[in-house]
Amino acid sequence: MTGSGRRSARSRIRSSNDPNDDDSLRPTKSNPKLRKDRTKDRSPIPLFNTFFKVMLGICFVAFFVILFMIYHILNHTSGAQLPRVVTPFPAPKIMDLPQFQGQHKESLYWGTYRPHVYLGIRARTRKSLIAGLMWIGVKDGRYHLRHVCKDDDELSTYGWTNHNGRDFGHQLLVDHGLNWATTFLKSKTDGSGYGGDWAVRIDGKFEKSERDEEFGGGGVGQLFFYLADEGGNVLNLNRDYVNNHDDSLLASGSRADIGDWQLHLKSMDHLKVHYAGFNTPHFHNLSDLVQNNLAEQIMQLERLQLSDSSEDSPNVLVFQIIGKFPFNTDIVLVSGTGSESSRVEDRVSSLTGTSLTNQLKEKQQEFDDKFEKIFGLANKVDSESISVAKAAIGNLLGGMGYFYGQSKIALSGILNLKDHDKYIYYWPAELYTAVPSRPFFPRGFLWDEGFHQLLIWRWDIRVSLDIIGHWLDLINIDGWIPREQILGAEALSKVPEEFVPQHPTNGNPPTLFLVINDIVNGLKNNKFSATDRIEISQFLERSFVRLEAWFQWFNTTQSGRKMSSYYWHGRDSRTIRELNPKTLSSGLDDYPRASHPSEDERHLDLRCWMLLAADCMHSIEELLDKETKPSKDYGTTAKMLSDFELLNQMHFDDAYGAYFDFGNHTEKVRLKWKEMKVGHNHITRQLVRDVSKKPELRFVPHVGYVSLFPFMGKIIPPGSWILEKQLEFISNRSILWTDYGLRSLAKTSSLYMKRNTEHDPPYWRGSIWMNMNYRILSALHHYSKESGPYQDRARAIYEELRSNLIRYDSISFVVIVKNIVRNYKQTGFLWEQYEQTQGKGKGARAFTGWTSLVVLIMAEAYDQI
């Protein structure tokens with residue numbers, strides 16, 4: 001409408017200047033004789049003509065004034081609505097708090113903040129000096145360059161076996177007989193520049209096999225270590241080292257943040273070094289630059305080595321390190337080298353050789369001691385389980401990333417965007433976050449992050465608050481946070497275009513309230529030092545207004561027709577492809593909901609998330625002694641949402657004895673092959689949705705994770721018979737129980753393990769997920785300590801379920817134990833989800849996000865609600 005109005009206004013303006021218009025509307029040259037005659041003529045006709053002309057002129061002007069005002073209003077309205085979506089929340093940023101500045105900010109400046117590559121280092125700044133590792137591997141008789149984490153590289157294992165999230169980490173990469181161990185260390189000493197120095201030790205080993213000949217028969221390894229400046233600063237190559245190895249200096253340069261810097265390489269082994277320099281504005285495709293350079297050398301000189309040449313003013317330098325296995329090399333970056341007191345030689349020596357070895361041993365011991373102090377697993381699980389637990393938290397902490405960029409925001413309300421749909425960009429923003437999976441999801445996910453922080457706050461409260469603060473600073477003026485953060489070219493390179501735009505009508509489970517509630521309870525129970533208490537209180541004080549906005553956004557935009565009901569927006573009511581329209585915003589994707597999305601839906605899980613949020617907000621109010629506002633009475637809201645009778649009226653089905661969603665639903669839906677016309681008379685056979693019975697408003701009869709949300713939220717009184725029913729569902733092998741954890745959807749469900757489309761296999765329709773099992777265990781642990789008739793039953797189920805998830809039997813694990821520890825030992829990875837019949841890992845591997853909650857399960861450290 002606005003567009004056509006604008007075109008109409010412009011056409012009218014053009015017609016007023018048309019040379020064919022009536023002459024009476026155009027100025028004419030004055031005629032003295034005519035003026036004299038008019039003076040003598042006092043008849044009313046000339047007066048009428050004059051009056052008519054004046055009125056016509058006024059109307060003419062008024063017409064265009066009105067048109068201009070309409071045009072302005074339309075533009076103003078449109079402009080006010082669309083930019084509002086991308087307007088930051090009008091409050092001081094959390095990350096501007098003093099506790100996140102100074103020494104804290106500098107201590108976290110450098111890190112392994114590029115989780116999508118096998119080893120990547122950068123600073124927490126928009127245009128960073130970045131470093132990374134590549135190597136040559138062999139697969140199917142062909143050379144392959146490894147750099148970006150890819151599942152089809154088929155590495156036997158990779159990931160951080162230890163990482164403290166700040167200045168130390170050890171990683172193992174096993175690639176078809178090649179074993180690379182990478183160790184990262186940061187150091188801040190006198191003379192170093194901002195952020196200090198860092199070192200990487202790379203140890204290479206080769207396991208002899210029938211493939212030995214593929215590596216030249218002598219077990220020769222090829223590493224590529226690169227340095228690139230995103231700010232475009234020139235990197236200076238030290239050709240003397242490359243030619244003579246008389247010095248350890250590889251390269252140098254200068255930046256505004258860290259001052260002058262130098263890159264050094266030291267090794268006790270005989271190594272050959274080649275190089276290539278590039279000038280590029282793009283840093284997400286550095287593999288291509290190296291591969292193209294190597295390809296040219298192979299074609300021209302039949303040798304697999306870099307060209308030993310550089311483009312003018314390079315901002316990327318790649319060093320090829322060739323050595324016979326086993327070998328190791330230490331690579332060091334020292335900052336602030338321009339000052340007289342920089343002591344470059346001493347600092348390089350302290351970060352290489354024996355000195356580095358000793359420091360790494362100390363850091364490893366510190367990690368082990370801290371791990372035991374926090375989680376106390378020595379007397380709870382066996383040594384095999386402890387090693388897996390260390391890898392789990394090490395991968396979670398080592399996988400934290402720093403991103404900078406702009407989210408793409410969809411303006412269309414349609415779930416599936418087309419090329420012609422409009423979008424705008426969020427404001428440029430930074431995000432420091434843990435990630436779910438390095439090869440598949442190396443970016444920020446809002447609902448995953450709450451589960452990540454349940455671990456991280458226990459490990460390092462300041463890092464956790466830093467991450468939560470970054471997320472809350474992404475809230476817009478309406479209180480909305482984009483659920484998936486795809487910031488910068490590196491993150492964007494991993495995401496199909498259709499999934500990039502974020503929809504401002506859609507939410508995501510506010511799991512950050514899980515961790516904030518945990519921290520608030522920690523304050524109440526004196527779990528923090530005096531300094532930590534002060535900083536946490538200041539954080540909550542600054543965060544409160546943003547958390548309020550976030551809560552109010554959910555409470556208004558996701559509310560249902562019935563008071564105290566909620567439903568996830570964003571379901572596609574027009575789909576003809578999906579067996580059950582997905583609810584992506586819930587995080588449970590294809591979990592069965594009402595067959596026909598409508599505004600009459602009531603989603604049980606969202607109602608329980610809102611109770612958690614309201615209860616957490618009320619706790620913060622009490623902690624900070626804030627005055628309750630009548631329009632934002634979180635205590636009253638929490639009381640209403642926890643009203644057991646009201647919950648049962650809205651979501652409990654007496655016939656089933658279970659909690660369900662409510663909506664416009666029929667069970668008579670299936671996928672059916674049908675011939676459909678595509679394009680110009682082209683007929684194709686497609687699997688489409690077929691509904692054989694009209695839907696009606698009713699409970700959605702699918703027992704699964706959603707049915708257990710009141711149980712997970714500990715809303716059910718310990719003496720209620722409904723609690724007994726929940727325990728029956730959990731422990732029944734024909735419904736949810738397996739030997740490897742609780743399945744996401746009951747075997748009795750009509751959609752159990754059913755594909756949602758021709759191309760979408762079941763996702764939340766039977767598989768075992770660790771985040772939900774953690775919450776269920778937390779509730780079982782709670783009820784096992786609450787006096788009531790079902791206390792003993794809850795305790796017995798808790799003990800057996802926990803054992804199924806974590807135990808490891810080295811003698812008979814093939815038959816008896818199918819669990820996370822066994823999977824890690826067999827496959828080298830933690831997995832996104834686990835299969836029910838044999839307990840095997842499935843979905844994304846190297847999924848070290850919420851699957852890392854296995855550490856808290858081992859430690860019996862549960863969220864307090």
# chains A, B, ... in the order shown; residues from 1 in each chain; ligands from 1
>>> residues_around(residues="A:Ile321", least_positions_apart="6", cutoff="7 Å", atoms="only C-alpha atoms", output="mmCIF file with C-alpha atoms, in the first residue's frame")
data_model
loop_
_atom_site.group_PDB
_atom_site.id
_atom_site.type_symbol
_atom_site.label_atom_id
_atom_site.label_comp_id
_atom_site.auth_asym_id
_atom_site.auth_seq_id
_atom_site.Cartn_x
_atom_site.Cartn_y
_atom_site.Cartn_z
ATOM 1 C CA GLN A 222 53.639 -31.011 6.620
ATOM 2 C CA LEU A 223 52.273 -28.242 8.841
ATOM 3 C CA PHE A 224 51.063 -24.809 7.791
ATOM 4 C CA LEU A 271 62.769 -28.562 9.956
ATOM 5 C CA LYS A 272 62.377 -27.028 6.536
ATOM 6 C CA VAL A 273 60.311 -23.866 6.229
ATOM 7 C CA HIS A 274 58.673 -22.409 3.125
#
>>> residues_around(residues="A:Arg201", least_positions_apart="5", cutoff="8 Å", atoms="only C-alpha atoms", output="VMD selection string")
chain A and resid 181 to 184 328 to 331
>>> write_last_selection(atoms="N, CA and C atoms", output="PDB file, in the first residue's frame")
ATOM      1  N   ALA A 181      49.403 -33.077  18.508  1.00  0.00           N
ATOM      2  CA  ALA A 181      49.023 -32.545  19.815  1.00  0.00           C
ATOM      3  C   ALA A 181      49.341 -31.054  19.803  1.00  0.00           C
ATOM      4  N   THR A 182      48.324 -30.241  20.063  1.00  0.00           N
ATOM      5  CA  THR A 182      48.539 -28.788  20.085  1.00  0.00           C
ATOM      6  C   THR A 182      48.285 -28.289  21.500  1.00  0.00           C
ATOM      7  N   THR A 183      49.194 -27.481  22.010  1.00  0.00           N
ATOM      8  CA  THR A 183      49.055 -26.923  23.350  1.00  0.00           C
ATOM      9  C   THR A 183      49.179 -25.419  23.275  1.00  0.00           C
ATOM     10  N   PHE A 184      48.260 -24.732  23.941  1.00  0.00           N
ATOM     11  CA  PHE A 184      48.187 -23.269  23.907  1.00  0.00           C
ATOM     12  C   PHE A 184      48.486 -22.716  25.293  1.00  0.00           C
ATOM     13  N   ASN A 328      58.665 -31.745  17.013  1.00  0.00           N
ATOM     14  CA  ASN A 328      57.823 -30.725  17.632  1.00  0.00           C
ATOM     15  C   ASN A 328      58.390 -29.353  17.339  1.00  0.00           C
ATOM     16  N   THR A 329      57.513 -28.355  17.450  1.00  0.00           N
ATOM     17  CA  THR A 329      57.929 -26.981  17.206  1.00  0.00           C
ATOM     18  C   THR A 329      57.157 -26.052  18.126  1.00  0.00           C
ATOM     19  N   ASP A 330      57.801 -25.005  18.567  1.00  0.00           N
ATOM     20  CA  ASP A 330      57.164 -23.995  19.411  1.00  0.00           C
ATOM     21  C   ASP A 330      57.052 -22.696  18.619  1.00  0.00           C
ATOM     22  N   ILE A 331      55.871 -22.153  18.557  1.00  0.00           N
ATOM     23  CA  ILE A 331      55.622 -20.903  17.839  1.00  0.00           C
ATOM     24  C   ILE A 331      55.114 -19.884  18.852  1.00  0.00           C
TER      25      ILE A 331
END
>>> residues_around(residues="A:Thr848", least_positions_apart="2", cutoff="7 Å", atoms="only C-alpha atoms", output="VMD selection string")
chain A and resid 392 395 to 396 436 to 437 830 846 850 to 852
>>> write_last_selection(atoms="N, CA, C and O atoms", output="PDB file, in the first residue's frame")
ATOM      1  N   ALA A 392      35.101 -33.241  28.296  1.00  0.00           N
ATOM      2  CA  ALA A 392      33.827 -32.570  28.066  1.00  0.00           C
ATOM      3  C   ALA A 392      33.909 -31.090  28.424  1.00  0.00           C
ATOM      4  O   ALA A 392      33.559 -30.226  27.615  1.00  0.00           O
ATOM      5  N   ASN A 395      36.507 -29.284  26.154  1.00  0.00           N
ATOM      6  CA  ASN A 395      35.975 -28.948  24.838  1.00  0.00           C
ATOM      7  C   ASN A 395      35.003 -27.780  24.898  1.00  0.00           C
ATOM      8  O   ASN A 395      34.970 -26.940  24.002  1.00  0.00           O
ATOM      9  N   LEU A 396      34.174 -27.743  25.944  1.00  0.00           N
ATOM     10  CA  LEU A 396      33.224 -26.648  26.084  1.00  0.00           C
ATOM     11  C   LEU A 396      33.948 -25.317  26.241  1.00  0.00           C
ATOM     12  O   LEU A 396      33.624 -24.324  25.573  1.00  0.00           O
ATOM     13  N   PRO A 436      27.728 -24.923  20.443  1.00  0.00           N
ATOM     14  CA  PRO A 436      27.304 -26.319  20.595  1.00  0.00           C
ATOM     15  C   PRO A 436      28.253 -27.326  19.967  1.00  0.00           C
ATOM     16  O   PRO A 436      28.541 -28.358  20.557  1.00  0.00           O
ATOM     17  N   SER A 437      28.726 -27.037  18.745  1.00  0.00           N
ATOM     18  CA  SER A 437      29.529 -28.011  18.016  1.00  0.00           C
ATOM     19  C   SER A 437      30.458 -27.289  17.061  1.00  0.00           C
ATOM     20  O   SER A 437      30.014 -26.461  16.258  1.00  0.00           O
ATOM     21  N   LEU A 830      31.937 -36.684  21.974  1.00  0.00           N
ATOM     22  CA  LEU A 830      30.608 -36.539  22.549  1.00  0.00           C
ATOM     23  C   LEU A 830      29.651 -36.263  21.387  1.00  0.00           C
ATOM     24  O   LEU A 830      30.041 -35.639  20.396  1.00  0.00           O
ATOM     25  N   ALA A 846      31.276 -34.469  17.817  1.00  0.00           N
ATOM     26  CA  ALA A 846      32.000 -33.310  18.360  1.00  0.00           C
ATOM     27  C   ALA A 846      31.000 -32.272  18.842  1.00  0.00           C
ATOM     28  O   ALA A 846      31.160 -31.082  18.640  1.00  0.00           O
ATOM     29  N   TRP A 850      25.670 -28.816  25.207  1.00  0.00           N
ATOM     30  CA  TRP A 850      24.949 -29.283  26.396  1.00  0.00           C
ATOM     31  C   TRP A 850      25.182 -30.759  26.715  1.00  0.00           C
ATOM     32  O   TRP A 850      24.870 -31.198  27.826  1.00  0.00           O
ATOM     33  N   THR A 851      25.760 -31.523  25.792  1.00  0.00           N
ATOM     34  CA  THR A 851      26.114 -32.896  26.157  1.00  0.00           C
ATOM     35  C   THR A 851      27.170 -32.903  27.253  1.00  0.00           C
ATOM     36  O   THR A 851      27.300 -33.872  28.007  1.00  0.00           O
ATOM     37  N   SER A 852      27.907 -31.785  27.387  1.00  0.00           N
ATOM     38  CA  SER A 852      28.900 -31.668  28.461  1.00  0.00           C
ATOM     39  C   SER A 852      28.256 -31.656  29.841  1.00  0.00           C
ATOM     40  O   SER A 852      28.961 -31.768  30.852  1.00  0.00           O
TER      41      SER A 852
END
>>> select_by_dssp(residues="stretch 479-592 of chain A", states="helix (DSSP H, G or I)", output="PyMOL selection string")
chain A and resi 489-492+497-499+512-524+530-557+584-586
>>> closest_residue(among="A:Ile322, A:Leu611, A:Leu856, A:Leu333", to="A:Lys186", atoms="only C-alpha atoms")
A:Leu333
>>> residues_around(residues="A:Tyr752", least_positions_apart="2", cutoff="10 Å", atoms="only C-alpha atoms", output="list of chain:residue names")
A:Tyr591, A:Pro592, A:His702, A:Val703, A:Gly704, A:Ser744, A:Leu745, A:Ala746, A:Lys747, A:Thr748, A:Ser749, A:Ser750, A:Lys754, A:Arg755, A:Pro762, A:Trp764, A:Arg765, A:Gly766, A:Ser767
>>> select_by_dssp(residues="stretch 594-779 of chain A", states="strand (DSSP E or B)", output="PyMOL selection string")
chain A and resi 596+602+629+632+652-653+658-659+662-665+669-678+682-691+696-699+704+739+741+743+745+768
>>> closest_residue(among="A:Arg571, A:Arg438, A:Lys626, A:Arg775", to="A:Tyr705", atoms="only C-alpha atoms")
A:Arg775
>>> residues_around(residues="A:Leu492", least_positions_apart="3", cutoff="12 Å", atoms="only C-alpha atoms", output="list in words")
His116, Phe283, His284, Asn285, Phe403, Tyr404, Gly405, Gln406, Ser407, Lys408, Phe441, Pro442, Arg443, Gly444, Glu484, Gln485, Ile486, Leu487, Gly488, Ala489, Val495, Pro496, Glu497, Glu498, Phe499, Val500 and Pro501 of chain A
>>> write_last_selection(atoms="N, CA, C and O atoms", output="tab-separated table (two decimals), in the first residue's frame")
chain	number	residue	atom	x	y	z
A	116	HIS	N	35.63	-22.90	14.85
A	116	HIS	CA	35.30	-23.61	13.62
A	116	HIS	C	36.53	-24.20	12.93
A	116	HIS	O	36.40	-24.98	11.99
A	283	PHE	N	39.01	-13.42	4.98
A	283	PHE	CA	39.78	-14.28	5.88
A	283	PHE	C	39.06	-15.58	6.22
A	283	PHE	O	39.58	-16.37	7.00
A	284	HIS	N	37.89	-15.80	5.65
A	284	HIS	CA	37.16	-17.04	5.92
A	284	HIS	C	37.53	-18.15	4.94
A	284	HIS	O	37.07	-19.27	5.09
A	285	ASN	N	38.37	-17.82	3.93
A	285	ASN	CA	38.72	-18.81	2.92
A	285	ASN	C	40.24	-18.94	2.76
A	285	ASN	O	40.74	-19.10	1.65
A	403	PHE	N	32.87	-13.37	18.24
A	403	PHE	CA	32.35	-13.04	16.92
A	403	PHE	C	31.94	-11.57	16.88
A	403	PHE	O	31.54	-10.99	17.89
A	404	TYR	N	32.05	-11.00	15.70
A	404	TYR	CA	31.62	-9.61	15.50
A	404	TYR	C	30.95	-9.51	14.14
A	404	TYR	O	31.48	-10.02	13.14
A	405	GLY	N	29.80	-8.88	14.11
A	405	GLY	CA	29.10	-8.72	12.83
A	405	GLY	C	27.68	-8.26	13.06
A	405	GLY	O	27.33	-7.71	14.11
A	406	GLN	N	26.83	-8.48	12.06
A	406	GLN	CA	25.45	-8.04	12.09
A	406	GLN	C	24.53	-9.20	11.73
A	406	GLN	O	24.73	-9.87	10.72
A	407	SER	N	23.52	-9.43	12.56
A	407	SER	CA	22.51	-10.43	12.25
A	407	SER	C	21.61	-9.93	11.13
A	407	SER	O	21.31	-8.73	11.05
A	408	LYS	N	21.17	-10.84	10.30
A	408	LYS	CA	20.23	-10.51	9.24
A	408	LYS	C	18.82	-10.77	9.78
A	408	LYS	O	18.50	-11.87	10.19
A	441	PHE	N	27.92	-26.41	14.39
A	441	PHE	CA	27.27	-25.20	14.91
A	441	PHE	C	28.28	-24.31	15.63
A	441	PHE	O	28.15	-24.06	16.83
A	442	PRO	N	29.30	-23.82	14.91
A	442	PRO	CA	30.32	-22.98	15.58
A	442	PRO	C	29.89	-21.52	15.67
A	442	PRO	O	30.52	-20.61	15.13
A	443	ARG	N	28.77	-21.27	16.37
A	443	ARG	CA	28.24	-19.93	16.53
A	443	ARG	C	27.33	-19.92	17.75
A	443	ARG	O	27.10	-20.96	18.37
A	444	GLY	N	26.78	-18.77	18.08
A	444	GLY	CA	25.98	-18.67	19.28
A	444	GLY	C	24.54	-19.10	19.07
A	444	GLY	O	23.88	-18.67	18.12
A	484	GLU	N	19.62	-17.17	16.96
A	484	GLU	CA	20.85	-17.74	16.40
A	484	GLU	C	21.74	-16.60	15.95
A	484	GLU	O	21.32	-15.75	15.16
A	485	GLN	N	22.96	-16.56	16.43
A	485	GLN	CA	23.87	-15.46	16.15
A	485	GLN	C	24.88	-15.87	15.09
A	485	GLN	O	25.77	-16.68	15.36
A	486	ILE	N	24.72	-15.32	13.90
A	486	ILE	CA	25.60	-15.64	12.78
A	486	ILE	C	26.36	-14.35	12.44
A	486	ILE	O	25.96	-13.57	11.58
A	487	LEU	N	27.43	-14.10	13.16
A	487	LEU	CA	28.13	-12.82	13.11
A	487	LEU	C	29.48	-12.97	12.44
A	487	LEU	O	30.34	-13.72	12.89
A	488	GLY	N	29.69	-12.25	11.35
A	488	GLY	CA	30.98	-12.26	10.66
A	488	GLY	C	31.04	-13.32	9.58
A	488	GLY	O	30.26	-14.27	9.53
A	489	ALA	N	32.01	-13.13	8.69
A	489	ALA	CA	32.13	-14.00	7.51
A	489	ALA	C	32.45	-15.44	7.87
A	489	ALA	O	31.97	-16.37	7.23
A	495	VAL	N	26.71	-21.59	7.34
A	495	VAL	CA	25.25	-21.62	7.45
A	495	VAL	C	24.59	-21.50	6.08
A	495	VAL	O	24.89	-20.56	5.33
A	496	PRO	N	23.69	-22.40	5.72
A	496	PRO	CA	22.92	-22.24	4.48
A	496	PRO	C	22.13	-20.95	4.49
A	496	PRO	O	21.59	-20.55	5.54
A	497	GLU	N	22.04	-20.28	3.37
A	497	GLU	CA	21.46	-18.95	3.29
A	497	GLU	C	20.04	-18.89	3.84
A	497	GLU	O	19.66	-17.92	4.50
A	498	GLU	N	19.25	-19.94	3.62
A	498	GLU	CA	17.85	-19.88	4.04
A	498	GLU	C	17.68	-19.85	5.55
A	498	GLU	O	16.62	-19.48	6.07
A	499	PHE	N	18.73	-20.24	6.29
A	499	PHE	CA	18.63	-20.25	7.75
A	499	PHE	C	19.27	-19.02	8.39
A	499	PHE	O	19.27	-18.90	9.61
A	500	VAL	N	19.79	-18.12	7.58
A	500	VAL	CA	20.49	-16.95	8.13
A	500	VAL	C	19.54	-15.92	8.72
A	500	VAL	O	19.74	-15.45	9.84
A	501	PRO	N	18.47	-15.48	8.00
A	501	PRO	CA	17.61	-14.42	8.56
A	501	PRO	C	16.90	-14.88	9.83
A	501	PRO	O	16.38	-15.99	9.91
>>> residues_around(residues="A:Ile768", least_positions_apart="6", cutoff="8 Å", atoms="only C-alpha atoms", output="number ranges by chain")
A: 740-744, 833-836
>>> write_last_selection(atoms="all heavy atoms", output="PDB file, in the first residue's frame")
ATOM      1  N   TYR A 740      19.845 -46.326  28.297  1.00  0.00           N
ATOM      2  CA  TYR A 740      20.876 -45.320  27.977  1.00  0.00           C
ATOM      3  C   TYR A 740      20.399 -43.894  28.239  1.00  0.00           C
ATOM      4  O   TYR A 740      21.056 -42.941  27.848  1.00  0.00           O
ATOM      5  CB  TYR A 740      21.289 -45.476  26.511  1.00  0.00           C
ATOM      6  CG  TYR A 740      21.395 -46.914  26.109  1.00  0.00           C
ATOM      7  CD1 TYR A 740      20.458 -47.501  25.268  1.00  0.00           C
ATOM      8  CD2 TYR A 740      22.409 -47.715  26.631  1.00  0.00           C
ATOM      9  CE1 TYR A 740      20.536 -48.843  24.940  1.00  0.00           C
ATOM     10  CE2 TYR A 740      22.488 -49.061  26.309  1.00  0.00           C
ATOM     11  CZ  TYR A 740      21.545 -49.628  25.462  1.00  0.00           C
ATOM     12  OH  TYR A 740      21.619 -50.961  25.146  1.00  0.00           O
ATOM     13  N   GLY A 741      19.247 -43.759  28.904  1.00  0.00           N
ATOM     14  CA  GLY A 741      18.675 -42.444  29.149  1.00  0.00           C
ATOM     15  C   GLY A 741      17.218 -42.432  28.718  1.00  0.00           C
ATOM     16  O   GLY A 741      16.718 -43.400  28.130  1.00  0.00           O
ATOM     17  N   LEU A 742      16.516 -41.339  29.012  1.00  0.00           N
ATOM     18  CA  LEU A 742      15.102 -41.239  28.658  1.00  0.00           C
ATOM     19  C   LEU A 742      14.948 -40.735  27.228  1.00  0.00           C
ATOM     20  O   LEU A 742      15.529 -39.714  26.854  1.00  0.00           O
ATOM     21  CB  LEU A 742      14.379 -40.306  29.619  1.00  0.00           C
ATOM     22  CG  LEU A 742      14.346 -40.736  31.094  1.00  0.00           C
ATOM     23  CD1 LEU A 742      13.506 -39.767  31.895  1.00  0.00           C
ATOM     24  CD2 LEU A 742      13.824 -42.154  31.240  1.00  0.00           C
ATOM     25  N   ARG A 743      14.147 -41.432  26.444  1.00  0.00           N
ATOM     26  CA  ARG A 743      13.900 -41.016  25.063  1.00  0.00           C
ATOM     27  C   ARG A 743      12.998 -39.789  25.034  1.00  0.00           C
ATOM     28  O   ARG A 743      12.244 -39.529  25.970  1.00  0.00           O
ATOM     29  CB  ARG A 743      13.306 -42.164  24.253  1.00  0.00           C
ATOM     30  CG  ARG A 743      12.032 -42.731  24.792  1.00  0.00           C
ATOM     31  CD  ARG A 743      11.390 -43.730  23.826  1.00  0.00           C
ATOM     32  NE  ARG A 743      12.166 -44.946  23.644  1.00  0.00           N
ATOM     33  CZ  ARG A 743      12.010 -46.062  24.356  1.00  0.00           C
ATOM     34  NH1 ARG A 743      11.092 -46.093  25.327  1.00  0.00           N
ATOM     35  NH2 ARG A 743      12.727 -47.135  24.125  1.00  0.00           N
ATOM     36  N   SER A 744      13.086 -39.048  23.949  1.00  0.00           N
ATOM     37  CA  SER A 744      12.375 -37.770  23.851  1.00  0.00           C
ATOM     38  C   SER A 744      10.890 -37.913  23.586  1.00  0.00           C
ATOM     39  O   SER A 744      10.107 -37.015  23.900  1.00  0.00           O
ATOM     40  CB  SER A 744      13.007 -36.902  22.762  1.00  0.00           C
ATOM     41  OG  SER A 744      13.228 -37.639  21.579  1.00  0.00           O
ATOM     42  N   GLN A 833      23.068 -36.338  20.224  1.00  0.00           N
ATOM     43  CA  GLN A 833      21.979 -37.138  20.768  1.00  0.00           C
ATOM     44  C   GLN A 833      22.414 -38.599  20.751  1.00  0.00           C
ATOM     45  O   GLN A 833      23.465 -38.932  20.190  1.00  0.00           O
ATOM     46  CB  GLN A 833      20.710 -36.940  19.927  1.00  0.00           C
ATOM     47  CG  GLN A 833      20.965 -37.115  18.444  1.00  0.00           C
ATOM     48  CD  GLN A 833      19.765 -36.815  17.577  1.00  0.00           C
ATOM     49  OE1 GLN A 833      18.832 -37.607  17.547  1.00  0.00           O
ATOM     50  NE2 GLN A 833      19.783 -35.693  16.875  1.00  0.00           N
ATOM     51  N   TYR A 834      21.608 -39.445  21.367  1.00  0.00           N
ATOM     52  CA  TYR A 834      21.967 -40.859  21.468  1.00  0.00           C
ATOM     53  C   TYR A 834      20.782 -41.729  21.088  1.00  0.00           C
ATOM     54  O   TYR A 834      19.629 -41.428  21.423  1.00  0.00           O
ATOM     55  CB  TYR A 834      22.473 -41.182  22.878  1.00  0.00           C
ATOM     56  CG  TYR A 834      23.797 -40.509  23.155  1.00  0.00           C
ATOM     57  CD1 TYR A 834      23.844 -39.191  23.604  1.00  0.00           C
ATOM     58  CD2 TYR A 834      25.005 -41.155  22.911  1.00  0.00           C
ATOM     59  CE1 TYR A 834      25.054 -38.548  23.819  1.00  0.00           C
ATOM     60  CE2 TYR A 834      26.213 -40.524  23.121  1.00  0.00           C
ATOM     61  CZ  TYR A 834      26.239 -39.218  23.567  1.00  0.00           C
ATOM     62  OH  TYR A 834      27.438 -38.577  23.761  1.00  0.00           O
ATOM     63  N   GLU A 835      21.106 -42.795  20.373  1.00  0.00           N
ATOM     64  CA  GLU A 835      20.099 -43.729  19.864  1.00  0.00           C
ATOM     65  C   GLU A 835      19.606 -44.614  21.009  1.00  0.00           C
ATOM     66  O   GLU A 835      20.321 -44.860  21.968  1.00  0.00           O
ATOM     67  CB  GLU A 835      20.762 -44.519  18.734  1.00  0.00           C
ATOM     68  CG  GLU A 835      19.882 -45.497  18.021  1.00  0.00           C
ATOM     69  CD  GLU A 835      20.040 -46.877  18.593  1.00  0.00           C
ATOM     70  OE1 GLU A 835      21.066 -47.141  19.262  1.00  0.00           O
ATOM     71  OE2 GLU A 835      19.128 -47.683  18.397  1.00  0.00           O
ATOM     72  N   GLN A 836      18.340 -45.093  20.901  1.00  0.00           N
ATOM     73  CA  GLN A 836      17.692 -45.730  22.045  1.00  0.00           C
ATOM     74  C   GLN A 836      17.959 -47.229  22.194  1.00  0.00           C
ATOM     75  O   GLN A 836      17.978 -47.750  23.304  1.00  0.00           O
ATOM     76  CB  GLN A 836      16.173 -45.576  21.934  1.00  0.00           C
ATOM     77  CG  GLN A 836      15.707 -44.248  21.419  1.00  0.00           C
ATOM     78  CD  GLN A 836      14.390 -44.405  20.712  1.00  0.00           C
ATOM     79  OE1 GLN A 836      13.448 -44.947  21.262  1.00  0.00           O
ATOM     80  NE2 GLN A 836      14.320 -43.949  19.489  1.00  0.00           N
TER      81      GLN A 836
END
>>> residues_around(residues="A:Lys725", least_positions_apart="5", cutoff="10 Å", atoms="only C-alpha atoms", output="list in words")
Tyr656, Gly657, Ala658, Ser720, Ile730 and Ser731 of chain A
